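What follows is the content of query-v5.txt, which has compact mmCIF, C-alpha atoms and all ligand atoms:
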# COMPACT_ATOMS: atom_id res chain seq x y z
CA MET T 915 46.33 -100.28 93.21
CA THR T 916 43.19 -102.30 94.04
CA ASP T 917 41.20 -101.27 97.13
CA LEU T 918 41.78 -104.18 99.47
CA PHE T 919 40.41 -105.61 102.68
CA ILE T 920 43.10 -107.76 104.30
CA ALA T 921 42.51 -109.66 107.52
CA LEU T 922 43.19 -112.89 109.33
CA ALA T 923 40.87 -115.63 108.09
CA GLU T 924 38.62 -115.95 111.12
CA THR T 925 35.74 -117.94 109.66
CA GLU T 926 35.48 -121.29 107.92
CA GLU T 927 34.33 -119.43 104.79
CA ASP T 928 37.51 -117.33 104.85
CA ARG T 929 39.74 -120.37 105.29
CA VAL T 930 37.98 -122.16 102.42
CA ALA T 931 38.65 -119.08 100.27
CA CYS T 932 42.37 -119.13 101.24
CA PHE T 933 42.65 -122.81 100.35
CA ALA T 934 40.82 -122.30 97.03
CA ILE T 935 43.35 -119.60 96.03
CA ARG T 936 46.26 -121.87 96.97
CA ARG T 937 44.77 -124.74 94.97
CA GLU T 938 44.33 -122.50 91.93
CA VAL T 939 47.84 -120.99 92.10
CA PHE T 940 50.08 -123.74 93.43
CA VAL T 941 48.33 -127.00 92.49
CA VAL T 942 46.70 -126.00 89.18
CA GLU T 943 49.03 -123.27 87.86
CA GLN T 944 52.38 -124.40 89.29
CA ASN T 945 51.72 -128.17 89.37
CA VAL T 946 52.64 -128.56 93.03
CA PRO T 947 51.37 -132.01 94.11
CA ALA T 948 48.28 -131.59 96.29
CA GLU T 949 49.77 -133.89 98.94
CA LEU T 950 52.65 -131.42 99.35
CA GLU T 951 50.51 -128.26 99.24
CA TRP T 952 48.49 -129.21 102.34
CA ASP T 953 50.52 -129.99 105.44
CA GLU T 954 50.31 -130.31 109.19
CA HIS T 955 50.90 -126.56 109.68
CA ASP T 956 47.60 -125.60 108.05
CA ALA T 957 45.60 -126.56 111.14
CA GLU T 958 47.37 -124.14 113.50
CA ALA T 959 48.61 -121.49 111.03
CA LEU T 960 47.23 -117.97 110.94
CA HIS T 961 45.80 -117.63 107.44
CA ILE T 962 45.65 -114.20 105.83
CA LEU T 963 43.03 -113.37 103.22
CA ALA T 964 42.98 -110.37 100.86
CA ARG T 965 39.64 -109.49 99.31
CA ASP T 966 38.61 -106.80 96.86
CA ALA T 967 37.14 -104.16 99.18
CA HIS T 968 34.21 -103.51 96.84
CA SER T 969 33.25 -106.90 95.37
CA HIS T 970 34.60 -108.91 98.35
CA ALA T 971 36.11 -111.35 95.85
CA PRO T 972 39.04 -113.28 97.37
CA LEU T 973 42.30 -112.25 95.63
CA GLY T 974 45.25 -113.56 97.59
CA THR T 975 46.48 -115.28 100.70
CA ALA T 976 49.47 -116.22 102.87
CA ARG T 977 49.95 -117.97 106.17
CA LEU T 978 51.98 -117.39 109.34
CA VAL T 979 53.43 -120.41 111.14
CA HIS T 980 55.30 -120.28 114.46
CA TYR T 981 58.82 -121.54 113.82
CA LYS T 982 60.81 -120.96 117.01
CA PRO T 983 60.80 -118.35 119.78
CA GLY T 984 60.84 -114.93 118.13
CA ILE T 985 60.76 -116.30 114.58
CA VAL T 986 57.70 -116.75 112.38
CA LYS T 987 57.56 -118.35 108.95
CA ILE T 988 55.51 -116.66 106.24
CA GLY T 989 54.41 -119.10 103.58
CA ARG T 990 52.03 -120.01 100.77
CA VAL T 991 52.09 -116.39 99.52
CA CYS T 992 49.96 -116.18 96.38
CA VAL T 993 47.68 -113.95 94.38
CA LEU T 994 45.20 -115.12 91.73
CA ALA T 995 46.70 -114.61 88.26
CA ALA T 996 44.03 -112.10 87.23
CA ALA T 997 44.80 -109.87 90.23
CA ARG T 998 48.61 -109.74 89.95
CA GLY T 999 50.70 -106.64 89.37
CA ARG T 1000 48.38 -104.35 91.31
CA GLY T 1001 50.02 -104.40 94.73
CA VAL T 1002 47.96 -107.21 96.26
CA GLY T 1003 50.99 -109.41 97.02
CA ALA T 1004 52.97 -106.54 98.54
CA SER T 1005 49.98 -105.55 100.69
CA ILE T 1006 49.55 -109.11 101.97
CA MET T 1007 53.26 -109.18 102.88
CA GLU T 1008 53.02 -105.83 104.72
CA PHE T 1009 50.01 -107.15 106.65
CA ALA T 1010 51.91 -110.37 107.46
CA TRP T 1011 54.91 -108.41 108.75
CA GLY T 1012 52.75 -106.10 110.85
CA GLU T 1013 50.85 -109.04 112.33
CA SER T 1014 54.14 -110.80 113.11
CA LEU T 1015 55.52 -107.77 114.99
CA ARG T 1016 52.21 -107.31 116.81
CA ARG T 1017 52.46 -110.90 118.04
CA GLY T 1018 55.98 -110.31 119.39
CA TYR T 1019 58.06 -111.90 116.67
CA THR T 1020 61.37 -110.17 115.86
CA GLU T 1021 62.13 -112.04 112.65
CA ALA T 1022 60.16 -113.45 109.73
CA GLN T 1023 61.58 -116.14 107.49
CA LEU T 1024 60.28 -117.52 104.24
CA SER T 1025 61.21 -120.02 101.61
CA ALA T 1026 61.13 -118.04 98.36
CA GLN T 1027 60.87 -119.38 94.87
CA VAL T 1028 64.04 -118.00 93.26
CA ALA T 1029 61.93 -116.56 90.42
CA VAL T 1030 60.35 -114.11 92.88
CA LEU T 1031 63.35 -113.16 95.05
CA ASP T 1032 63.05 -109.57 93.75
CA PHE T 1033 59.46 -109.35 94.98
CA TYR T 1034 60.58 -110.13 98.53
CA GLU T 1035 63.80 -108.06 98.35
CA ARG T 1036 61.71 -104.98 97.58
CA LEU T 1037 59.87 -105.69 100.84
CA GLY T 1038 63.07 -105.81 102.91
CA TYR T 1039 63.81 -109.55 102.92
CA GLU T 1040 67.40 -110.79 102.54
CA SER T 1041 68.45 -114.16 101.14
CA PHE T 1042 70.53 -116.59 103.18
CA GLY T 1043 71.82 -120.14 102.71
CA GLU T 1044 72.03 -122.28 99.61
CA GLU T 1045 69.35 -122.73 96.98
CA PHE T 1046 67.30 -125.92 97.35
CA MET T 1047 64.52 -127.81 95.58
CA ASP T 1048 61.06 -128.04 97.11
CA ALA T 1049 58.04 -129.47 95.27
CA GLY T 1050 60.12 -129.42 92.09
CA ILE T 1051 60.75 -125.65 92.34
CA LEU T 1052 64.09 -123.96 93.15
CA HIS T 1053 63.91 -122.03 96.45
CA ARG T 1054 66.09 -119.93 98.73
CA MET T 1055 65.52 -118.94 102.35
CA MET T 1056 64.95 -115.25 103.11
CA ARG T 1057 64.51 -113.31 106.30
CA LYS T 1058 63.50 -109.90 107.57
CA SER T 1059 64.16 -108.42 110.95
CA PRO T 1060 63.92 -104.93 112.43
CA ILE T 1061 67.52 -105.62 113.50
CA PRO T 1062 69.61 -106.52 110.41
CA PRO T 1063 70.87 -110.13 110.63
CA PRO T 1064 74.66 -110.63 111.05
CA ARG T 1065 76.56 -110.91 107.79
C1 LIG K 1 54.63 -113.41 93.65
C2 LIG K 1 53.21 -112.84 93.75
C3 LIG K 1 52.61 -113.20 95.13
C4 LIG K 1 53.30 -111.31 93.63
O1 LIG K 1 52.00 -110.78 93.81
P1 LIG K 1 51.53 -109.45 93.05
O2 LIG K 1 50.26 -109.02 93.64
O3 LIG K 1 51.56 -109.67 91.58
O4 LIG K 1 52.74 -108.44 93.41
P2 LIG K 1 52.63 -106.85 93.58
O5 LIG K 1 51.77 -106.30 92.49
O6 LIG K 1 52.28 -106.53 94.97
O7 LIG K 1 54.15 -106.45 93.30
C5 LIG K 1 54.95 -105.77 94.25
C6 LIG K 1 56.29 -105.47 93.61
O8 LIG K 1 56.99 -106.70 93.35
C7 LIG K 1 57.27 -106.81 91.96
N1 LIG K 1 57.01 -108.18 91.54
C8 LIG K 1 55.82 -108.79 91.53
N2 LIG K 1 55.95 -110.05 91.09
C9 LIG K 1 57.24 -110.21 90.79
C10 LIG K 1 57.98 -111.30 90.27
N3 LIG K 1 57.40 -112.47 89.93
N4 LIG K 1 59.31 -111.14 90.10
C11 LIG K 1 59.90 -109.96 90.42
N5 LIG K 1 59.25 -108.89 90.91
C12 LIG K 1 57.92 -109.02 91.09
C13 LIG K 1 56.32 -105.87 91.27
O9 LIG K 1 56.88 -105.40 90.07
C14 LIG K 1 56.14 -104.77 92.27
O10 LIG K 1 57.18 -103.82 92.17
P3 LIG K 1 56.91 -102.23 92.40
O11 LIG K 1 56.58 -102.09 93.86
O12 LIG K 1 58.17 -101.59 92.00
O13 LIG K 1 55.75 -101.92 91.52
C15 LIG K 1 52.30 -113.37 92.61
O14 LIG K 1 52.94 -113.11 91.38
C16 LIG K 1 51.98 -114.86 92.69
O15 LIG K 1 51.04 -115.27 93.35
N6 LIG K 1 52.76 -115.70 91.98
C17 LIG K 1 52.50 -117.13 91.92
C18 LIG K 1 52.72 -117.79 93.26
C19 LIG K 1 54.13 -117.60 93.76
O16 LIG K 1 55.09 -117.77 93.02
N7 LIG K 1 54.24 -117.28 95.05
C20 LIG K 1 55.52 -117.09 95.68
C21 LIG K 1 55.89 -118.32 96.42
S1 LIG K 1 57.48 -118.14 97.20

Write-out of the structure in structure tokens:
Amino acid sequence: MTDLFIALAETEEDRVACFAIRREVFVVEQNVPAELEWDEHDAEALHILARDAHSHAPLGTARLVHYKPGIVKIGRVCVLAAARGRGVGASIMEFAWGESLRRGYTEAQLSAQVAVLDFYERLGYESFGEEFMDAGILHRMMRKSPIPPPR
């Protein structure tokens, strides 16, 4: 487990670091078209940045976007390839959930790449709805709530 410093990206430097990680992971590694990676939500989203606590190197990011009353969407979850498998992604998701609850949300939703459903299930997210394609990648909606959703 890497020693991490995770916080909301408050400065322009932090936001640039978040966007650089997304470019590296989604645009370069996963071939998501740049015009789809950046959208209108980026301006008002809360961006989360994980840094190595010692070197301060940016390692991973995610963003929170208001969806509807009580529901927040967590998106653009990614960790640089060299930093994966050491708990960075899980720690970012725990931070995102805590921040969502602190802001009064009672449910978080996300659009998960089906290849990483297990990653989110381990963190308490449940799938719902049909699979769908987004940016050429198969996805499924997931949600987490302190109150289990109706089955
Ligand atoms: C998915 C991603 C964010 C996970 O980050 P990470 O830092 O490697 O994950 P962690 O080390 O915190 O793993 C937490 C747990 O999830 C599991 N896990 C991690 N990646 C997984 C994957 N791709 N599939 C299934 N399980 C996975 C780990 O084994 C670990 O389990 P454990 O708690 O039993 O040890 C990272 O692999 C990534 O950035 N991938 C490319 C971008 C992407 O696909 N993002 C998701 C968009 S929906």

Exercise for review: Name each residue within 10 Å of ligand LIG 1 (chain K), counting only C-alpha atoms and all ligand atoms, as a ChimeraX atom specification.
Suggested key: /T:915-916,935-936,938-940,943-944,973-976,988-1008,1024-1037,1051-1056

Study note, to complete from the structure: A straight line from CA of Ala1049 in chain T to CA of Pro947 in chain T spans 7.2 Å

Practice item. Using only C-alpha atoms, find the one residue out of T:Leu918, T:Ala934, T:Leu978, T:Val942 that sits nearest to Ala959 in chain T. Key: T:Leu978

Practice item. Within 9 Å of (44.1, -112.0, 104.6) (coordinates as in the file), grab all the protein and nucleic acid residues, counting all atoms listed in the file, and write them out as a PyMOL selection string. Key: chain T and resi 919-923+928+932+961-965+972+974-977+1006+1009-1010

Review point. Looking at all atoms listed in the file, which of T:Lys982, T:His970, T:Lys1058, T:Arg937 is the one that sits closest to Glu949 in chain T?
Key: T:Arg937

Review point. How many Å separate CA of Lys987 in chain T from CA of Gln1023 in chain T?
Key: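 Between CA of Lys987 in chain T and CA of Gln1023 in chain T the gap is 4.8 Å.
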
Practice item. Would you list the residues near (58.8, -115.2, 116.1), meaning any protein, DNA or RNA residue with an atom at most 9 Å from that point in file coordinates, counting all atoms listed in the file, as a ChimeraX atom specification? Key: /T:979-987,1014-1015,1017-1022

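Going from CA of Ala967 in chain T over to CA of Glu924 in chain T, you cover 16.8 Å.
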